[in-house]
Structures are given as structure tokens and as C-alpha cells.
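Presented below is the structure to which this report refers.
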Amino acid sequence: EAGVAQSPRYKIIEKRQSVAFWCNPISGHATLYWYQQILGQGPKLLIQFQNNGVVDDSQLPKDRFSAERLKGVDSTLKIQPAKLEDSAVYLCASSPPTSGRNEQFFGPGTRLTVL
Amino acid sequence: QKEVEQNSGPLSVPEGAIASLNCTYSDRGSQSFFWYRQYSGKSPELIMSIYSNGDKEDGRFTAQLNKASQYVSLLIRDSQPSDSATYLCAAKAGTALIFGKGTTLSVSS
């Protein structure tokens with residue numbers, strides 16, 4: 001079974017530029033998550049989708065971050081404009097529909113550096 | 001604020017020893033708990049999940065849960081240098097997972 005796919009793996013941008021990340025979850029996984037992991041910290045949830053609806057986006061900085069999951073499969077996360085403090089690894093994870101206990105499986109992540 | 005607390009370490013053990021990693025959580029409503037292993041530069045990998053009080057064993061790993069004390073632990077028996085990584089504890093709070101900052105384990109040969 002293929003795992004969670006993410007691209008790009010690395011991105012370097014200047015502050016105030018925009019950037020977008022893409023995620024393709026494990027086939028059949030209804031729930032998709034975007035996390036931000038700053039160096040030395042645990043992952044922090046940014047947004048959770050159930051199919052193509054948003055379940056939780058309470059920690060998403062909505063003035064600069066946006067996310068969508070069209071057709072309930074792939075998802076994109078966008079930052080516009082980026083700030084220095086957005087430098088982090090952005091992780092996508094997914095859960096199967098029967099996993100009410102919330103076992104999550106992570107993709108390889110996108111390492112973002114904002115200069 | 002729902003939190004998961006871990007000692008950041010580093011925890012250093014010799015090869016073949018038992019490594020003990022601990023975690024406390026603040027949300028009494030949490031019912032599901034997870035241990036993830038994260039190698040440097042890699043993404044977290046799920047290694048154990050536990051939902052009931054007591055012990056759960058899987059190979060060299062044993063997870064322990066005490067809901068009354070709001071305490072979760074992970075024991076790694078016969079530690080190997082390949083176990084050297086950061087171990088993240090996570091608790092389900094509502095629909096989300098809350099992660100601790102992780103404990104770095106170093107196993108010396």
C-alpha cells in the first residue's frame with residue numbers, strides 16, 4: 001500500500017513570497033491533516049479535513065494560510081505572504097475511515113525555509 | 001490548553017538495556033494514546049497505540065497507560081543503536097492529536 005505522498009520535499013523562499021504544498025493521502029483514507037513542525041517541537045495541527053469538509057482549523061493562521069481538499073482526495077496548503085517564523089516542516093497525515101481511534105500516518109513532509 | 005508533556009532528554013542507554021520513556025497529558029477526556037518514532041530529518045512513524053489501562057506489548061516495545069495518573073510510558077527492551085531517535089507521545093483530544101515535544105533517545109554500542 002502506497003503511503004502519504006507530499007511535494008515538494010524542500011522549498012526555499014523569501015519572506016512575503018507565497019508557497020503551496022501538495023498532499024495525496026493513502027488511498028481510501030477519509031481524514032487528512034496538515035501539521036506544522038518547528039525544529040525541536042512536536043507537530044502542531046493546522047487543519048483537519050473529513051472528506052472535503054473542514055473539521056478543525058482553529059490553529060490555522062487564516063490571515064496567511066489557506067487549505068483546500070477538492071473532491072475529498074488531494075489537498076493543498078498555501079502560505080501567502082510567508083514570514084520568517086513559517087520556517088518549519090509541513091507534514092500531511094491521513095487516517096482510515098474506520099479508525100475512530102485516530103491512528104494517523106504521516107507523509108515525508110515539506111521542509112520550508114523562509115529567508 | 002490541552003498539553004502533552006515529555007522530558008526532552010537526551011536519554012542515553014547502552015545497547016541491550018531497557019529504555020523507559022514517559023509522558024503526561026492534561027486532558028482527562030483523552031481516550032487514545034500513541035507513540036511515534038522520528039529519526040532525524042524524517043517524518044513521524046507510528047510504533048504503538050494504546051487505549052485501555054495497563055500494558056500493551058509489541059515485540060520489543062511495551063506501552064503502559066494509567067488514566068487515573070494521566071500517564072503514558074513506552075519501554076524499549078534490548079535497545080539497539082537503530083532505536084536512537086526522537087520519540088513523540090500523542091494524545092487524542094476531541095478529533096485532533098496533541099503531541100509532546102519528544103524525548104531524544106541515544107543508544108550507544
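In the C-alpha cells, the first chain shown is A, the next is B, and so on; residue numbers restart at 1 for each chain, and ligands run from 1 in the order shown.
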#### Entry: strand (DSSP E) per DSSP on the backbone: members of chain A, as a ChimeraX atom specification
/A:5-7,10-13,19-24,31-37,44-50,53-56,65-68,75-79,88-95,105-106,110-114
Please list as a PDB file with C-alpha atoms, in the first residue's frame every residue within 12 Å of B:Ala96, counting only C-alpha atoms and excluding residues in the same chain fewer than 2 positions away.
```pdb
ATOM      1  CA  THR A  31      -9.435  12.094   7.059  1.00  0.00           C
ATOM      2  CA  LEU A  32      -6.492  14.310   6.136  1.00  0.00           C
ATOM      3  CA  TYR A  33      -4.414  16.506   8.409  1.00  0.00           C
ATOM      4  CA  TRP A  34      -1.838  19.243   7.913  1.00  0.00           C
ATOM      5  CA  TYR A  35       0.683  19.770  10.684  1.00  0.00           C
ATOM      6  CA  PRO A  43       3.830  18.507  15.268  1.00  0.00           C
ATOM      7  CA  LYS A  44       1.073  21.082  15.688  1.00  0.00           C
ATOM      8  CA  LEU A  45      -2.222  20.568  13.898  1.00  0.00           C
ATOM      9  CA  LEU A  46      -3.097  23.292  11.414  1.00  0.00           C
ATOM     10  CA  ILE A  47      -6.207  21.856   9.781  1.00  0.00           C
ATOM     11  CA  GLN A  48      -8.172  18.621   9.630  1.00  0.00           C
ATOM     12  CA  PHE A  49     -10.426  17.549   6.742  1.00  0.00           C
ATOM     13  CA  GLN A  50     -13.058  14.817   6.756  1.00  0.00           C
ATOM     14  CA  VAL A  55     -13.385  19.522  10.818  1.00  0.00           C
ATOM     15  CA  ASP A  56     -10.902  21.689  12.719  1.00  0.00           C
ATOM     16  CA  ASP A  57      -8.970  24.750  11.574  1.00  0.00           C
ATOM     17  CA  SER A  58      -8.781  26.506  14.922  1.00  0.00           C
ATOM     18  CA  GLN A  59      -4.976  26.765  14.848  1.00  0.00           C
ATOM     19  CA  ALA A  93      -1.128  12.776   7.567  1.00  0.00           C
ATOM     20  CA  SER A  94      -4.180  10.640   6.899  1.00  0.00           C
ATOM     21  CA  SER A  95      -6.444   8.250   8.814  1.00  0.00           C
ATOM     22  CA  GLY A 100     -12.232   6.181  15.209  1.00  0.00           C
ATOM     23  CA  ARG A 101      -9.230   5.952  17.483  1.00  0.00           C
ATOM     24  CA  ASN A 102      -7.377   8.321  15.159  1.00  0.00           C
ATOM     25  CA  GLU A 103      -4.315   6.353  14.070  1.00  0.00           C
ATOM     26  CA  GLN A 104      -2.548   8.730  11.733  1.00  0.00           C
TER      27      GLN A 104
ATOM     28  CA  LYS B   2      -4.592  20.735  26.350  1.00  0.00           C
ATOM     29  CA  SER B  30      -8.373  11.666  26.168  1.00  0.00           C
ATOM     30  CA  GLN B  31      -9.028   8.020  25.326  1.00  0.00           C
ATOM     31  CA  SER B  32      -6.391   7.196  22.709  1.00  0.00           C
ATOM     32  CA  PHE B  33      -2.636   7.478  23.018  1.00  0.00           C
ATOM     33  CA  ALA B  90       0.474  11.946  21.395  1.00  0.00           C
ATOM     34  CA  ALA B  91      -2.986  12.019  22.959  1.00  0.00           C
ATOM     35  CA  LYS B  92      -6.295  12.282  21.154  1.00  0.00           C
ATOM     36  CA  ALA B  93      -8.180  15.395  22.276  1.00  0.00           C
ATOM     37  CA  GLY B  94     -11.514  15.766  20.529  1.00  0.00           C
ATOM     38  CA  ILE B  98      -1.874  16.702  20.666  1.00  0.00           C
ATOM     39  CA  PHE B  99       1.837  15.917  20.511  1.00  0.00           C
TER      40      PHE B  99
END
```
### Query
Skipping near chain neighbours, those fewer than 3 positions away, what residues fall within 9 Å of B:Arg60 using only C-alpha atoms, listed as a ChimeraX atom specification?
/B:57,75-79
### Message
Residues near B:Gln38, anyone? I mean within 9 Å using only C-alpha atoms, not counting same-chain ones fewer than 3 positions away, as an NGL selection string.
### Response
:B and (41-46 or 85-88 or 102)
Those same residues, written as a PDB file, in the first residue's frame with C-alpha atoms?
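As a result, result18.pdb now contains:
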```
ATOM      1  CA  GLY B  41      15.208  14.607   9.128  1.00  0.00           C
ATOM      2  CA  LYS B  42      12.372  12.117   8.726  1.00  0.00           C
ATOM      3  CA  SER B  43       8.641  12.170   9.442  1.00  0.00           C
ATOM      4  CA  PRO B  44       6.993  10.542  12.499  1.00  0.00           C
ATOM      5  CA  GLU B  45       6.336   6.803  12.262  1.00  0.00           C
ATOM      6  CA  LEU B  46       3.587   5.200  14.363  1.00  0.00           C
ATOM      7  CA  ALA B  85      15.631   8.663  17.545  1.00  0.00           C
ATOM      8  CA  THR B  86      13.153  11.134  18.990  1.00  0.00           C
ATOM      9  CA  TYR B  87      10.038   9.537  20.460  1.00  0.00           C
ATOM     10  CA  LEU B  88       6.834  11.573  20.312  1.00  0.00           C
ATOM     11  CA  GLY B 102       9.507  14.444  22.083  1.00  0.00           C
TER      12      GLY B 102
END
```
For stretch 60-77 of chain A: contacts at 8 Å, only C-alpha atoms, fewer than 4 positions along chain excluded, given as an mmCIF file with all heavy atoms, in the first residue's frame:
```cif
data_model
loop_
_atom_site.group_PDB
_atom_site.id
_atom_site.type_symbol
_atom_site.label_atom_id
_atom_site.label_comp_id
_atom_site.auth_asym_id
_atom_site.auth_seq_id
_atom_site.Cartn_x
_atom_site.Cartn_y
_atom_site.Cartn_z
ATOM 1 N N ALA A 20 3.073 26.920 -1.991
ATOM 2 C CA ALA A 20 1.999 25.932 -1.894
ATOM 3 C C ALA A 20 2.586 24.541 -1.759
ATOM 4 O O ALA A 20 3.612 24.216 -2.374
ATOM 5 C CB ALA A 20 1.083 26.005 -3.118
ATOM 6 N N PHE A 21 1.924 23.739 -0.934
ATOM 7 C CA PHE A 21 2.336 22.356 -0.713
ATOM 8 C C PHE A 21 1.192 21.437 -1.125
ATOM 9 O O PHE A 21 0.016 21.780 -0.949
ATOM 10 C CB PHE A 21 2.661 22.103 0.771
ATOM 11 C CG PHE A 21 3.534 23.140 1.396
ATOM 12 C CD1 PHE A 21 3.145 23.778 2.558
ATOM 13 C CD2 PHE A 21 4.752 23.471 0.835
ATOM 14 C CE1 PHE A 21 3.952 24.733 3.156
ATOM 15 C CE2 PHE A 21 5.566 24.419 1.417
ATOM 16 C CZ PHE A 21 5.156 25.055 2.583
ATOM 17 N N TRP A 22 1.568 20.260 -1.613
ATOM 18 C CA TRP A 22 0.565 19.308 -2.089
ATOM 19 C C TRP A 22 0.651 18.007 -1.302
ATOM 20 O O TRP A 22 1.746 17.577 -0.910
ATOM 21 C CB TRP A 22 0.795 19.050 -3.576
ATOM 22 C CG TRP A 22 -0.054 17.973 -4.168
ATOM 23 C CD1 TRP A 22 -1.338 18.074 -4.621
ATOM 24 C CD2 TRP A 22 0.331 16.610 -4.388
ATOM 25 N NE1 TRP A 22 -1.770 16.866 -5.106
ATOM 26 C CE2 TRP A 22 -0.770 15.951 -4.966
ATOM 27 C CE3 TRP A 22 1.498 15.889 -4.153
ATOM 28 C CZ2 TRP A 22 -0.737 14.601 -5.320
ATOM 29 C CZ3 TRP A 22 1.535 14.549 -4.499
ATOM 30 C CH2 TRP A 22 0.426 13.924 -5.084
ATOM 31 N N CYS A 23 -0.502 17.367 -1.075
ATOM 32 C CA CYS A 23 -0.541 16.109 -0.348
ATOM 33 C C CYS A 23 -1.539 15.166 -1.001
ATOM 34 O O CYS A 23 -2.664 15.565 -1.343
ATOM 35 C CB CYS A 23 -0.949 16.338 1.109
ATOM 36 S SG CYS A 23 -1.246 14.823 2.051
ATOM 37 N N ASN A 24 -1.135 13.917 -1.144
ATOM 38 C CA ASN A 24 -2.037 12.857 -1.606
ATOM 39 C C ASN A 24 -2.071 11.787 -0.523
ATOM 40 O O ASN A 24 -1.058 11.147 -0.248
ATOM 41 C CB ASN A 24 -1.539 12.270 -2.924
ATOM 42 C CG ASN A 24 -2.470 11.189 -3.447
ATOM 43 O OD1 ASN A 24 -2.144 10.011 -3.487
ATOM 44 N ND2 ASN A 24 -3.659 11.598 -3.849
ATOM 45 N N PRO A 25 -3.209 11.584 0.135
ATOM 46 C CA PRO A 25 -3.260 10.648 1.268
ATOM 47 C C PRO A 25 -3.245 9.191 0.807
ATOM 48 O O PRO A 25 -3.328 8.900 -0.379
ATOM 49 C CB PRO A 25 -4.603 10.989 1.916
ATOM 50 C CG PRO A 25 -5.447 11.451 0.766
ATOM 51 C CD PRO A 25 -4.500 12.181 -0.150
ATOM 52 N N ALA A 30 -10.215 8.783 4.603
ATOM 53 C CA ALA A 30 -11.163 9.884 4.512
ATOM 54 C C ALA A 30 -10.676 11.143 5.221
ATOM 55 O O ALA A 30 -11.064 12.252 4.882
ATOM 56 C CB ALA A 30 -12.504 9.447 5.103
ATOM 57 N N TRP A 34 -3.082 18.500 8.146
ATOM 58 C CA TRP A 34 -1.838 19.243 7.913
ATOM 59 C C TRP A 34 -1.286 19.671 9.277
ATOM 60 O O TRP A 34 -2.022 20.235 10.093
ATOM 61 C CB TRP A 34 -2.090 20.486 7.072
ATOM 62 C CG TRP A 34 -2.262 20.236 5.606
ATOM 63 C CD1 TRP A 34 -3.429 20.207 4.905
ATOM 64 C CD2 TRP A 34 -1.224 20.010 4.649
ATOM 65 N NE1 TRP A 34 -3.191 19.967 3.575
ATOM 66 C CE2 TRP A 34 -1.837 19.839 3.388
ATOM 67 C CE3 TRP A 34 0.171 19.936 4.729
ATOM 68 C CZ2 TRP A 34 -1.113 19.604 2.215
ATOM 69 C CZ3 TRP A 34 0.895 19.696 3.563
ATOM 70 C CH2 TRP A 34 0.257 19.537 2.328
ATOM 71 N N LEU A 46 -2.630 22.062 12.042
ATOM 72 C CA LEU A 46 -3.097 23.292 11.414
ATOM 73 C C LEU A 46 -4.549 23.146 10.968
ATOM 74 O O LEU A 46 -5.367 24.034 11.221
ATOM 75 C CB LEU A 46 -2.225 23.623 10.185
ATOM 76 C CG LEU A 46 -0.775 24.008 10.467
ATOM 77 C CD1 LEU A 46 -0.021 24.184 9.161
ATOM 78 C CD2 LEU A 46 -0.707 25.279 11.306
ATOM 79 N N ILE A 47 -4.866 22.048 10.299
ATOM 80 C CA ILE A 47 -6.207 21.856 9.781
ATOM 81 C C ILE A 47 -6.471 20.374 9.590
ATOM 82 O O ILE A 47 -5.558 19.601 9.286
ATOM 83 C CB ILE A 47 -6.413 22.635 8.459
ATOM 84 C CG1 ILE A 47 -7.875 22.618 8.014
ATOM 85 C CG2 ILE A 47 -5.488 22.113 7.363
ATOM 86 C CD1 ILE A 47 -8.186 23.653 6.921
ATOM 87 N N PHE A 49 -9.316 17.738 7.683
ATOM 88 C CA PHE A 49 -10.426 17.549 6.742
ATOM 89 C C PHE A 49 -11.036 16.162 6.944
ATOM 90 O O PHE A 49 -10.327 15.181 7.166
ATOM 91 C CB PHE A 49 -9.933 17.608 5.292
ATOM 92 C CG PHE A 49 -9.465 18.949 4.824
ATOM 93 C CD1 PHE A 49 -8.119 19.286 4.874
ATOM 94 C CD2 PHE A 49 -10.359 19.870 4.319
ATOM 95 C CE1 PHE A 49 -7.671 20.508 4.430
ATOM 96 C CE2 PHE A 49 -9.923 21.100 3.859
ATOM 97 C CZ PHE A 49 -8.579 21.434 3.915
ATOM 98 N N GLN A 50 -12.353 16.088 6.853
ATOM 99 C CA GLN A 50 -13.058 14.817 6.756
ATOM 100 C C GLN A 50 -13.706 14.824 5.382
ATOM 101 O O GLN A 50 -14.601 15.634 5.130
ATOM 102 C CB GLN A 50 -14.115 14.687 7.859
ATOM 103 C CG GLN A 50 -14.919 13.405 7.811
ATOM 104 C CD GLN A 50 -14.134 12.214 8.305
ATOM 105 O OE1 GLN A 50 -13.190 12.355 9.069
ATOM 106 N NE2 GLN A 50 -14.527 11.034 7.871
ATOM 107 N N ASN A 51 -13.233 13.938 4.507
ATOM 108 C CA ASN A 51 -13.578 14.010 3.078
ATOM 109 C C ASN A 51 -13.198 15.403 2.582
ATOM 110 O O ASN A 51 -12.056 15.789 2.705
ATOM 111 C CB ASN A 51 -15.038 13.634 2.861
ATOM 112 C CG ASN A 51 -15.279 12.187 3.253
ATOM 113 O OD1 ASN A 51 -14.565 11.290 2.818
ATOM 114 N ND2 ASN A 51 -16.273 11.951 4.101
ATOM 115 N N ASN A 52 -14.112 16.212 2.059
ATOM 116 C CA ASN A 52 -13.700 17.533 1.601
ATOM 117 C C ASN A 52 -14.192 18.654 2.500
ATOM 118 O O ASN A 52 -14.137 19.829 2.134
ATOM 119 C CB ASN A 52 -14.132 17.763 0.152
ATOM 120 C CG ASN A 52 -15.645 17.684 0.005
ATOM 121 O OD1 ASN A 52 -16.341 17.297 0.931
ATOM 122 N ND2 ASN A 52 -16.148 18.057 -1.162
ATOM 123 N N GLY A 53 -14.662 18.296 3.710
ATOM 124 C CA GLY A 53 -15.112 19.298 4.665
ATOM 125 C C GLY A 53 -14.102 19.527 5.775
ATOM 126 O O GLY A 53 -13.398 18.602 6.180
ATOM 127 N N PRO A 81 1.217 36.022 2.586
ATOM 128 C CA PRO A 81 2.649 36.001 2.345
ATOM 129 C C PRO A 81 3.387 35.265 3.464
ATOM 130 O O PRO A 81 2.920 35.230 4.606
ATOM 131 C CB PRO A 81 3.009 37.490 2.386
ATOM 132 C CG PRO A 81 2.063 38.053 3.403
ATOM 133 C CD PRO A 81 0.794 37.260 3.275
ATOM 134 N N ALA A 82 4.521 34.700 3.143
ATOM 135 C CA ALA A 82 5.278 33.948 4.145
ATOM 136 C C ALA A 82 6.064 34.885 5.059
ATOM 137 O O ALA A 82 6.491 35.968 4.659
ATOM 138 C CB ALA A 82 6.240 32.978 3.458
#
```
### Task
State, in Å with one decimal place, the distance from atom CA of B:Ser106 to atom CA of B:Arg37.
12.6 Å
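Distances from A:Pro96, A:Lys78, A:Leu39, A:Ile26 to chain B were compared using only C-alpha atoms, and the smallest one belongs to A:Leu39.
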### Query
When the cut-off is 7 Å and we count only C-alpha atoms, which residues of chain A are near chain B, given as a list of chain:residue names?
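Close enough to count are A:Gly40, A:Gln41, A:Gly42, A:Pro43, A:Arg101, A:Phe105, A:Phe106, A:Gly107, A:Pro108, A:Gly109.
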